[in-house]
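Participant: This is run_37.txt, which holds compact mmCIF, C-alpha atoms and all ligand atoms:
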```
# COMPACT_ATOMS: atom_id res chain seq x y z
CA MET A 423 -20.10 -10.25 -25.70
CA SER A 424 -16.88 -11.18 -27.46
CA ASP A 425 -16.84 -14.08 -29.91
CA MET A 426 -13.36 -15.05 -28.76
CA THR A 427 -13.01 -18.43 -27.09
CA VAL A 428 -10.51 -18.94 -24.31
CA GLN A 429 -8.37 -21.12 -26.61
CA GLU A 430 -8.15 -18.36 -29.22
CA MET A 431 -6.97 -15.80 -26.72
CA GLN A 432 -3.41 -14.70 -26.22
CA ALA A 433 -1.87 -14.85 -22.77
CA ALA A 434 -3.10 -11.98 -20.64
CA ARG A 435 -0.69 -9.06 -20.37
CA VAL A 436 0.32 -8.20 -16.83
CA LEU A 437 0.15 -4.46 -16.19
CA ASP A 438 3.18 -3.93 -13.99
CA GLY A 439 2.26 -1.27 -11.43
CA VAL A 440 5.73 -1.32 -9.89
CA ALA A 441 7.39 -0.47 -13.22
CA VAL A 442 4.86 2.27 -14.04
CA ALA A 443 5.21 3.68 -10.51
CA ALA A 444 8.99 3.81 -10.97
CA GLU A 445 8.49 5.82 -14.19
CA ILE A 446 6.15 8.29 -12.49
CA LYS A 447 8.47 8.67 -9.51
CA ALA A 448 11.47 9.26 -11.78
CA GLU A 449 9.54 12.00 -13.58
CA ALA A 450 8.44 13.55 -10.28
CA GLY A 451 12.08 13.43 -9.11
CA LEU A 452 13.14 15.42 -12.20
CA GLU A 453 10.43 17.99 -11.51
CA VAL A 454 11.61 18.28 -7.90
CA ALA A 455 15.16 18.89 -9.12
CA ALA A 456 13.93 21.60 -11.51
CA LEU A 457 11.96 23.27 -8.70
CA LYS A 458 14.96 23.09 -6.37
CA ALA A 459 17.02 24.88 -9.01
CA GLN A 460 14.51 27.73 -8.58
CA GLY A 461 14.87 27.61 -4.79
CA ILE A 462 11.65 25.67 -4.21
CA GLN A 463 11.53 22.35 -2.34
CA PRO A 464 8.11 20.67 -2.34
CA GLY A 465 7.04 19.70 1.19
CA LEU A 466 4.56 17.10 2.44
CA ALA A 467 3.14 16.93 5.97
CA VAL A 468 1.76 13.58 7.04
CA VAL A 469 -0.55 13.41 10.04
CA LEU A 470 -0.73 10.00 11.67
CA VAL A 471 -3.06 9.71 14.66
CA GLY A 472 -2.56 6.91 17.16
CA ASP A 473 -0.65 3.73 16.46
CA LEU A 474 -2.58 1.67 13.92
CA ALA A 475 0.12 -0.70 12.63
CA ALA A 476 -1.06 -0.79 8.99
CA SER A 477 -1.26 3.01 8.82
CA GLY A 478 2.26 3.24 10.24
CA ILE A 479 3.57 1.02 7.43
CA TYR A 480 1.89 3.18 4.75
CA VAL A 481 3.21 6.37 6.31
CA ARG A 482 6.80 5.08 6.50
CA SER A 483 6.63 4.06 2.88
CA LYS A 484 5.28 7.48 1.83
CA ARG A 485 8.03 9.32 3.72
CA LYS A 486 10.74 7.04 2.34
CA THR A 487 9.58 7.81 -1.20
CA CYS A 488 9.61 11.56 -0.40
CA ALA A 489 13.23 11.23 0.72
CA GLU A 490 14.18 9.35 -2.45
CA LEU A 491 12.73 12.09 -4.65
CA GLY A 492 14.06 15.05 -2.65
CA ILE A 493 10.66 16.10 -1.28
CA TYR A 494 10.73 17.51 2.25
CA SER A 495 8.46 15.53 4.56
CA GLU A 496 7.33 16.01 8.10
CA LEU A 497 5.46 13.56 10.32
CA LEU A 498 2.99 14.75 12.94
CA THR A 499 1.78 12.14 15.39
CA PRO A 500 -1.01 13.38 17.64
CA ASP A 501 -2.06 10.98 20.36
CA GLU A 502 -5.04 8.66 19.84
CA SER A 503 -7.00 10.84 22.30
CA VAL A 504 -6.69 14.00 20.13
CA THR A 505 -9.94 15.98 19.74
CA THR A 506 -11.47 17.33 16.55
CA GLU A 507 -10.74 20.88 17.75
CA GLU A 508 -7.07 20.07 18.38
CA MET A 509 -6.81 18.48 14.95
CA LEU A 510 -8.43 21.53 13.36
CA ALA A 511 -5.81 23.75 15.03
CA LEU A 512 -3.02 21.48 13.79
CA ILE A 513 -4.37 21.58 10.22
CA ALA A 514 -4.75 25.38 10.37
CA GLY A 515 -1.07 25.58 11.35
CA LEU A 516 -0.05 23.44 8.36
CA ASN A 517 -2.32 25.41 6.01
CA ALA A 518 -0.48 28.59 7.04
CA ARG A 519 3.07 27.27 6.54
CA ASP A 520 4.61 28.20 3.23
CA GLU A 521 7.09 25.30 3.09
CA ILE A 522 4.24 22.77 3.31
CA ASP A 523 2.65 22.12 -0.10
CA GLY A 524 0.73 18.96 0.71
CA ILE A 525 -1.17 17.83 3.79
CA LEU A 526 -2.07 14.19 4.14
CA ILE A 527 -4.24 12.96 6.97
CA GLN A 528 -3.75 9.22 7.19
CA LEU A 529 -7.09 7.41 7.38
CA PRO A 530 -8.80 5.82 9.20
CA LEU A 531 -9.00 8.27 12.12
CA PRO A 532 -10.28 7.34 15.59
CA ARG A 533 -14.09 7.25 15.69
CA HIS A 534 -14.41 10.18 18.09
CA VAL A 535 -12.93 12.68 15.63
CA ASP A 536 -14.98 14.18 12.81
CA THR A 537 -13.10 12.92 9.73
CA ARG A 538 -15.24 14.82 7.24
CA ARG A 539 -14.71 18.15 9.03
CA LEU A 540 -10.97 17.59 9.15
CA LEU A 541 -10.67 16.68 5.48
CA GLU A 542 -12.65 19.79 4.60
CA ALA A 543 -10.35 21.93 6.77
CA VAL A 544 -7.33 21.19 4.57
CA LEU A 545 -6.78 23.98 2.05
CA PRO A 546 -7.91 22.61 -1.35
CA GLU A 547 -4.58 23.63 -2.89
CA LYS A 548 -2.72 21.53 -0.29
CA ASP A 549 -5.14 18.57 -0.51
CA VAL A 550 -2.76 16.06 -2.11
CA ASP A 551 -5.17 13.19 -1.42
CA GLY A 552 -7.79 14.93 -3.58
CA PHE A 553 -10.53 14.32 -0.98
CA HIS A 554 -11.68 17.93 -0.47
CA PRO A 555 -15.13 18.69 -1.98
CA VAL A 556 -13.58 21.52 -4.01
CA ASN A 557 -11.20 19.07 -5.67
CA ALA A 558 -13.99 16.49 -6.10
CA GLY A 559 -16.02 19.23 -7.79
CA ARG A 560 -13.12 20.20 -10.03
CA LEU A 561 -12.75 16.59 -11.09
CA GLN A 562 -16.48 16.32 -11.75
CA THR A 563 -16.40 19.41 -13.95
CA GLY A 564 -13.36 18.23 -15.88
CA ARG A 565 -10.87 20.64 -14.29
CA PRO A 566 -8.73 18.22 -12.34
CA ALA A 567 -6.00 19.79 -10.25
CA LEU A 568 -5.38 17.41 -7.36
CA ALA A 569 -7.17 14.12 -8.02
CA PRO A 570 -7.44 11.15 -5.63
CA CYS A 571 -4.27 9.07 -5.94
CA THR A 572 -5.63 5.54 -6.43
CA PRO A 573 -8.05 6.27 -9.29
CA ALA A 574 -5.52 8.67 -10.82
CA GLY A 575 -3.06 5.76 -10.75
CA ILE A 576 -5.58 3.56 -12.56
CA LEU A 577 -6.00 6.04 -15.40
CA GLU A 578 -2.25 6.53 -15.54
CA ILE A 579 -1.44 2.81 -15.87
CA LEU A 580 -4.07 2.49 -18.61
CA ARG A 581 -2.62 5.48 -20.45
CA ARG A 582 0.99 4.39 -20.13
CA SER A 583 0.08 0.84 -21.20
CA GLU A 584 -1.63 2.32 -24.29
CA ILE A 585 -4.97 0.79 -23.41
CA GLU A 586 -7.75 2.66 -25.17
CA VAL A 587 -10.41 4.05 -22.82
CA HIS A 588 -12.16 6.35 -25.31
CA GLY A 589 -15.40 4.77 -26.50
CA LYS A 590 -15.06 1.67 -24.29
CA TYR A 591 -17.61 0.32 -21.87
CA ALA A 592 -16.20 0.48 -18.32
CA VAL A 593 -17.80 -0.99 -15.23
CA VAL A 594 -16.66 0.15 -11.79
CA VAL A 595 -17.62 -2.04 -8.84
CA GLY A 596 -17.51 0.03 -5.62
CA ARG A 597 -18.64 3.62 -5.10
CA SER A 598 -16.45 4.98 -2.29
CA ASN A 599 -15.43 8.64 -2.42
CA ILE A 600 -11.81 7.53 -2.35
CA VAL A 601 -11.75 5.02 -5.20
CA GLY A 602 -14.94 3.91 -6.97
CA LYS A 603 -16.72 7.22 -7.54
CA PRO A 604 -13.68 9.27 -8.66
CA ALA A 605 -12.52 6.34 -10.84
CA ALA A 606 -15.92 6.42 -12.58
CA VAL A 607 -15.71 10.19 -13.09
CA MET A 608 -12.19 9.93 -14.51
CA LEU A 609 -13.27 7.19 -16.91
CA VAL A 610 -16.22 9.33 -18.06
CA ASN A 611 -13.86 12.28 -18.51
CA ALA A 612 -11.71 9.98 -20.66
CA SER A 613 -14.81 9.28 -22.82
CA ALA A 614 -15.65 5.77 -21.63
CA THR A 615 -19.29 4.79 -21.10
CA VAL A 616 -19.47 3.95 -17.42
CA THR A 617 -21.69 1.94 -15.09
CA VAL A 618 -21.09 2.07 -11.34
CA CYS A 619 -22.13 -0.98 -9.28
CA HIS A 620 -22.35 -1.36 -5.51
CA ARG A 621 -23.80 -3.50 -2.74
CA PHE A 622 -27.38 -2.98 -3.94
CA THR A 623 -26.80 -3.72 -7.61
CA PRO A 624 -28.98 -6.72 -8.46
CA ASP A 625 -27.27 -9.27 -10.71
CA LEU A 626 -23.77 -7.76 -10.69
CA ALA A 627 -22.60 -10.25 -13.34
CA ARG A 628 -25.02 -8.79 -15.86
CA TYR A 629 -22.87 -5.64 -15.93
CA THR A 630 -19.39 -7.04 -15.33
CA ARG A 631 -19.80 -9.58 -18.17
CA GLU A 632 -20.22 -6.75 -20.66
CA ALA A 633 -17.28 -4.63 -19.49
CA ASP A 634 -14.35 -3.89 -21.79
CA ILE A 635 -12.65 -2.39 -18.73
CA LEU A 636 -13.61 -3.74 -15.31
CA VAL A 637 -12.42 -1.85 -12.23
CA VAL A 638 -13.13 -3.60 -8.92
CA ALA A 639 -12.71 -1.70 -5.64
CA VAL A 640 -14.67 -3.54 -2.97
CA GLY A 641 -12.47 -5.46 -0.54
CA ARG A 642 -13.90 -8.98 -1.00
CA PRO A 643 -11.72 -11.82 -2.29
CA GLU A 644 -13.16 -13.62 -5.34
CA LEU A 645 -16.10 -11.26 -5.69
CA ILE A 646 -15.45 -11.47 -9.42
CA THR A 647 -15.32 -15.04 -10.73
CA PRO A 648 -14.34 -16.13 -14.27
CA GLU A 649 -18.01 -16.38 -15.36
CA MET A 650 -18.42 -12.68 -14.59
CA VAL A 651 -15.69 -11.55 -16.98
CA LYS A 652 -15.86 -10.90 -20.70
CA PRO A 653 -13.02 -12.71 -22.50
CA GLY A 654 -10.46 -10.15 -23.63
CA ALA A 655 -11.47 -7.55 -21.02
CA VAL A 656 -9.00 -5.34 -19.16
CA LEU A 657 -9.22 -6.12 -15.44
CA ILE A 658 -8.16 -3.56 -12.83
CA ASP A 659 -8.12 -5.07 -9.36
CA VAL A 660 -7.97 -2.45 -6.61
CA GLY A 661 -8.95 -4.73 -3.71
CA ILE A 662 -6.49 -5.48 -0.93
CA ASN A 663 -7.42 -8.53 1.15
CA ARG A 664 -5.07 -10.35 3.50
CA ILE A 665 -5.31 -14.16 3.50
CA THR A 666 -3.88 -16.00 6.49
CA ASP A 667 -5.13 -19.55 5.83
CA ALA A 668 -2.53 -21.78 4.08
CA ALA A 669 -5.20 -24.05 2.54
CA GLU A 670 -6.91 -21.01 1.04
CA VAL A 671 -3.63 -19.84 -0.50
CA GLU A 672 -3.08 -23.27 -2.08
CA ARG A 673 -6.65 -23.32 -3.42
CA LEU A 674 -6.35 -19.85 -4.96
CA PHE A 675 -2.79 -20.25 -6.28
CA PRO A 676 -2.19 -23.98 -6.88
CA GLY A 677 1.46 -24.66 -7.72
CA ASP A 678 2.49 -20.99 -7.31
CA ALA A 679 5.87 -21.43 -5.61
CA ALA A 680 6.55 -17.71 -5.17
CA ARG A 681 3.19 -17.18 -3.42
CA ALA A 682 3.73 -20.20 -1.18
CA GLU A 683 7.21 -19.00 -0.23
CA GLY A 684 5.98 -15.48 0.57
CA PHE A 685 3.20 -16.92 2.66
CA GLN A 686 5.65 -19.13 4.57
CA LYS A 687 7.79 -16.11 5.32
CA ARG A 688 5.08 -13.66 6.36
CA GLY A 689 2.22 -15.89 7.46
CA SER A 690 -0.13 -14.08 5.08
CA THR A 691 -0.57 -13.10 1.46
CA VAL A 692 -2.46 -10.27 -0.19
CA VAL A 693 -5.12 -10.89 -2.85
CA GLY A 694 -7.48 -8.63 -4.73
CA ASP A 695 -11.21 -8.85 -5.41
CA ILE A 696 -10.90 -10.74 -8.70
CA ALA A 697 -10.41 -14.53 -8.61
CA PRO A 698 -6.93 -15.34 -9.99
CA GLU A 699 -8.52 -17.71 -12.53
CA ALA A 700 -10.46 -14.85 -14.06
CA PHE A 701 -7.21 -13.07 -14.98
CA ARG A 702 -6.54 -15.78 -17.57
CA LEU A 703 -9.53 -14.56 -19.58
CA ALA A 704 -8.30 -10.97 -19.66
CA SER A 705 -6.33 -9.25 -22.39
CA ALA A 706 -4.55 -7.33 -19.62
CA TYR A 707 -4.80 -7.08 -15.84
CA THR A 708 -3.26 -5.50 -12.77
CA PRO A 709 -1.95 -8.13 -10.32
CA VAL A 710 -2.28 -7.96 -6.55
CA PRO A 711 0.22 -7.16 -5.17
CA GLY A 712 2.23 -5.19 -7.72
CA GLY A 713 -0.60 -3.48 -9.59
CA VAL A 714 -2.70 -0.50 -8.55
CA GLY A 715 -1.34 -0.46 -4.98
CA ALA A 716 2.15 0.34 -6.21
CA LEU A 717 0.85 3.38 -8.09
CA THR A 718 -0.91 5.11 -5.22
CA ILE A 719 2.27 6.45 -3.57
CA ALA A 720 3.74 7.47 -6.93
CA MET A 721 0.61 9.54 -7.63
CA LEU A 722 0.85 11.11 -4.16
CA MET A 723 4.38 12.25 -5.01
CA GLN A 724 3.13 13.61 -8.33
CA ASN A 725 0.32 15.46 -6.55
CA THR A 726 2.78 16.99 -4.05
CA VAL A 727 4.89 18.33 -6.90
CA THR A 728 1.77 19.59 -8.68
CA ALA A 729 0.58 21.29 -5.45
CA ALA A 730 3.97 23.01 -5.07
CA LYS A 731 3.67 24.33 -8.63
CA LEU A 732 0.00 25.28 -8.36
CA ARG A 733 0.57 27.36 -5.25
CA ARG A 734 3.28 29.32 -7.04
CA GLY A 735 1.31 29.74 -10.24
CA LEU A 736 3.71 27.51 -12.19
CA VAL A 737 0.85 25.37 -13.61
CA MET A 738 -2.78 26.10 -14.33
CA GLY A 739 -5.35 25.01 -11.73
P1 LIG B 801 -15.13 0.99 0.86
O1 LIG B 801 -15.41 -0.05 1.88
O2 LIG B 801 -15.21 2.43 1.22
O3 LIG B 801 -16.09 0.75 -0.40
C1 LIG B 801 -16.37 -0.53 -0.87
C2 LIG B 801 -17.42 -0.46 -1.94
O4 LIG B 801 -17.72 -1.78 -2.35
C3 LIG B 801 -18.73 0.18 -1.48
O5 LIG B 801 -19.15 1.12 -2.43
C4 LIG B 801 -19.69 -1.01 -1.40
O6 LIG B 801 -21.01 -0.70 -1.76
C5 LIG B 801 -19.13 -1.94 -2.44
N1 LIG B 801 -19.51 -3.33 -2.18
C6 LIG B 801 -19.42 -4.03 -1.03
N2 LIG B 801 -19.87 -5.29 -1.19
C7 LIG B 801 -20.26 -5.38 -2.48
C8 LIG B 801 -20.81 -6.42 -3.26
N3 LIG B 801 -21.06 -7.60 -2.74
N4 LIG B 801 -21.09 -6.17 -4.55
C9 LIG B 801 -20.85 -4.96 -5.10
N5 LIG B 801 -20.31 -3.93 -4.42
C10 LIG B 801 -20.02 -4.15 -3.13
O7 LIG B 801 -13.68 0.63 0.30
P2 LIG B 801 -12.60 1.49 -0.55
O8 LIG B 801 -13.23 2.01 -1.79
O9 LIG B 801 -11.88 2.40 0.35
O10 LIG B 801 -11.61 0.32 -0.93
C11 LIG B 801 -12.01 -0.79 -1.71
C12 LIG B 801 -10.89 -1.81 -1.75
O11 LIG B 801 -9.76 -1.22 -2.37
C13 LIG B 801 -10.40 -2.29 -0.39
O12 LIG B 801 -9.99 -3.62 -0.48
C14 LIG B 801 -9.23 -1.41 -0.10
O13 LIG B 801 -8.30 -2.01 0.78
C15 LIG B 801 -8.65 -1.26 -1.48
N6 LIG B 801 -7.87 -0.03 -1.69
C16 LIG B 801 -6.73 -0.15 -2.36
C17 LIG B 801 -5.95 0.94 -2.59
C18 LIG B 801 -4.69 0.76 -3.38
O14 LIG B 801 -3.83 1.60 -3.31
N7 LIG B 801 -4.57 -0.32 -4.15
C19 LIG B 801 -6.29 2.27 -2.09
C20 LIG B 801 -7.60 2.32 -1.47
C21 LIG B 801 -8.34 1.18 -1.26
P3 LIG B 801 -21.97 0.25 -0.86
O15 LIG B 801 -21.49 1.64 -1.15
O16 LIG B 801 -23.32 -0.01 -1.42
O17 LIG B 801 -21.78 -0.16 0.56
```
Mind converting the file's structure to structure tokens?
Ligand code: NDP
Facilitator:
Amino acid sequence: MSDMTVQEMQAARVLDGVAVAAEIKAEAGLEVAALKAQGIQPGLAVVLVGDLAASGIYVRSKRKTCAELGIYSELLTPDESVTTEEMLALIAGLNARDEIDGILIQLPLPRHVDTRRLLEAVLPEKDVDGFHPVNAGRLQTGRPALAPCTPAGILEILRRSEIEVHGKYAVVVGRSNIVGKPAAVMLVNASATVTVCHRFTPDLARYTREADILVVAVGRPELITPEMVKPGAVLIDVGINRITDAAEVERLFPGDAARAEGFQKRGSTVVGDIAPEAFRLASAYTPVPGGVGALTIAMLMQNTVTAAKLRRGLVMG
């Protein structure tokens, strides 16, 4: 544990995901321009099944960013009733098309389709979400080509903020294949010592209190309270939780005029998994919104450019 008292600590540094995402997107845009000069335009196909409102918002935002960077994008919208076999045929078609470098299947899919089979049907070299077992295996063995966007964004914001990972003790709460597990692997690859916690970890605080870097990807507001944080730690909050109760917003963010105004406008606000009070103990933290979430799309763009290059042998796999 640190000897620092709260009084001795400097104000926590906010790790601005929006600013870092803008940097990454600008770099990806330059790479797209360089590829275009060679007659190559990276292309992303997005498959959105049914009409889940939240998924629609994510997809629009992904396509808008493609347009900004000069990446070709195509939206496929099979009906909610689509079968696994029909989806497999659709994916095979995209796998075969040369102008498509990345294939993104927006999750969640309807329960009647076999999500795992579909994700495994995407060609690994077009798997810009980094979910295919081949890409998971490459990550595991330290040969990352296309890595999952959210954890890749976490490592990227740490790197660009010059936060040392090498030799640090990192605790990851959450072990999903999309966030927690790959985040832990990436931190190990970056030479952190890593503990992964989940629903069945007894006495979670015992681990989180020791963490130099605490990554929380669960989906439960206030799972991490100030007592569970080591003063001076770096806090990475991946959780996205929508709060619709005005009293709850006032309790969590007393006197926060910007929050209150946003809530008034939209009728909800988004919070992470770490109690806002705990951020005050940190040396640095990612806010919600405006932290990790902002990076995910930027990393998707980066992966699409990387996929375009990989397929043409312009970078090493
Ligand atoms: P999952 O539901 O797939 O995984 C949640 C994980 O949290 C599981 O491993 C689960 O453990 C663990 N967990 C649940 N309750 C507890 C608990 N009480 N103590 C410790 N661990 C617990 O979610 P995702 O990984 O997909 O997403 C996690 C959060 O991150 C969500 O809020 C999601 O919205 C957000 N997210 C944000 C993204 C971004 O761009 N910022 C992108 C993706 C997700 P177990 O395995 O034992 O059940």
Participant: Restricting the calculation to all atoms listed in the file, which member of A:Asp695, A:Glu445, A:Glu502, A:Glu586 is positioned closest to A:Ile665?
Facilitator: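 Nearest to A:Ile665: A:Asp695.
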Participant: Nearest to ligand LIG 801 (chain B) among A:Ala592, A:Leu529, A:Val556, A:Ala441, with distances taken over all atoms listed in the file: which residue is it?
Facilitator: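 Of A:Ala592, A:Leu529, A:Val556, A:Ala441, the one nearest ligand LIG 801 (chain B) is A:Leu529, counting all atoms listed in the file.
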Participant: Excluding stretch 561-569 of chain A and residues on its chain fewer than 2 positions from it, collect all residues at most 12 Å away from it, counting only C-alpha atoms, and give them as a PyMOL selection string.
Facilitator: chain A and resi 523-525+545-559+571-578+599-601+603-613+718+721-733+737-739
Participant: Which residues of chain A sit at most 9 Å from ligand LIG 801 (chain B), using all atoms listed in the file? Give each one's shortest atom pair and distance in Å (one decimal place), in chain and ascending residue order, as a Markdown table.
Facilitator:
```
| residue | atom | partner | partner_atom | distance |
| --- | --- | --- | --- | --- |
| A:Cys571 | CA | B:LIG801 | O14 | 7.9 |
| A:Thr572 | CA | B:LIG801 | O14 | 5.3 |
| A:Pro573 | CA | B:LIG801 | C19 | 8.4 |
| A:Gly575 | CA | B:LIG801 | O14 | 8.6 |
| A:Val595 | CA | B:LIG801 | N5 | 5.5 |
| A:Gly596 | CA | B:LIG801 | C2 | 3.7 |
| A:Arg597 | CA | B:LIG801 | O5 | 3.7 |
| A:Ser598 | CA | B:LIG801 | O8 | 4.4 |
| A:Asn599 | CA | B:LIG801 | O8 | 7.0 |
| A:Ile600 | CA | B:LIG801 | O8 | 5.7 |
| A:Val601 | CA | B:LIG801 | O8 | 4.8 |
| A:Gly602 | CA | B:LIG801 | O8 | 5.8 |
| A:Lys603 | CA | B:LIG801 | O5 | 8.3 |
| A:Cys619 | CA | B:LIG801 | C9 | 5.9 |
| A:His620 | CA | B:LIG801 | N5 | 3.5 |
| A:Arg621 | CA | B:LIG801 | O16 | 3.8 |
| A:Phe622 | CA | B:LIG801 | O16 | 5.6 |
| A:Thr623 | CA | B:LIG801 | C9 | 6.6 |
| A:Pro624 | CA | B:LIG801 | N4 | 8.8 |
| A:Leu626 | CA | B:LIG801 | N4 | 6.9 |
| A:Val638 | CA | B:LIG801 | C12 | 7.7 |
| A:Ala639 | CA | B:LIG801 | C11 | 4.1 |
| A:Val640 | CA | B:LIG801 | O4 | 3.6 |
| A:Gly641 | CA | B:LIG801 | O12 | 3.1 |
| A:Arg642 | CA | B:LIG801 | O12 | 6.7 |
| A:Pro643 | CA | B:LIG801 | O12 | 8.6 |
| A:Leu645 | CA | B:LIG801 | N3 | 6.8 |
| A:Asp659 | CA | B:LIG801 | N7 | 7.9 |
| A:Val660 | CA | B:LIG801 | N7 | 4.7 |
| A:Gly661 | CA | B:LIG801 | O12 | 3.6 |
| A:Ile662 | CA | B:LIG801 | O12 | 4.0 |
| A:Asn663 | CA | B:LIG801 | O12 | 5.8 |
| A:Gly694 | CA | B:LIG801 | O12 | 7.0 |
| A:Asp695 | CA | B:LIG801 | O12 | 7.3 |
| A:Val710 | CA | B:LIG801 | N7 | 8.3 |
| A:Pro711 | CA | B:LIG801 | N7 | 8.4 |
| A:Gly713 | CA | B:LIG801 | N7 | 7.4 |
| A:Val714 | CA | B:LIG801 | N7 | 4.8 |
| A:Gly715 | CA | B:LIG801 | N7 | 3.3 |
| A:Ala716 | CA | B:LIG801 | O14 | 6.8 |
| A:Leu717 | CA | B:LIG801 | O14 | 6.9 |
| A:Thr718 | CA | B:LIG801 | O14 | 4.9 |
| A:Ile719 | CA | B:LIG801 | O14 | 7.8 |
```
Participant: I'd like the neighbourhood of A:Ala697 as a PyMOL selection string, where a residue qualifies if any of its atoms comes within 10 Å (using only C-alpha atoms), though same-chain residues fewer than 3 positions away should be ignored.
Facilitator: chain A and resi 643-648+659+674-675+693-694+700-702
Participant: Okay, now the selection with C-alpha atoms, as a compact mmCIF listing (two decimals), in the frame of the given file?
Facilitator:
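Below is the file out-v9.txt, written as the result:
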```txt
# COMPACT_ATOMS: atom_id res chain seq x y z
CA PRO A 643 -11.72 -11.82 -2.29
CA GLU A 644 -13.16 -13.62 -5.34
CA LEU A 645 -16.10 -11.26 -5.69
CA ILE A 646 -15.45 -11.47 -9.42
CA THR A 647 -15.32 -15.04 -10.73
CA PRO A 648 -14.34 -16.13 -14.27
CA ASP A 659 -8.12 -5.07 -9.36
CA LEU A 674 -6.35 -19.85 -4.96
CA PHE A 675 -2.79 -20.25 -6.28
CA VAL A 693 -5.12 -10.89 -2.85
CA GLY A 694 -7.48 -8.63 -4.73
CA ALA A 700 -10.46 -14.85 -14.06
CA PHE A 701 -7.21 -13.07 -14.98
CA ARG A 702 -6.54 -15.78 -17.57
```
Participant: How many Å lie between atom CA of A:Gly451 and atom CA of A:Glu490, rounded to one decimal?
Facilitator: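 We find that atom CA of A:Gly451 and atom CA of A:Glu490 lie 8.1 Å from each other.
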Participant: Work out how far apart atom CA of A:Pro709 and atom CA of A:Leu491 are and give it in Å to one decimal.
Facilitator: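 Computing it gives 25.6 Å between the two atoms.
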Participant: What does the distance between atom CA of A:Ala655 and atom CA of A:Asp634 come to in Å, to one decimal place?
Facilitator: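 Those two atoms sit 4.7 Å apart.
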Participant: Could you check which of A:Leu497, A:Ala475, A:Val504, A:Val469 is closest to A:Pro532, using only C-alpha atoms?
Facilitator: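 Checking each candidate against A:Pro532, we get A:Val504 as the closest.
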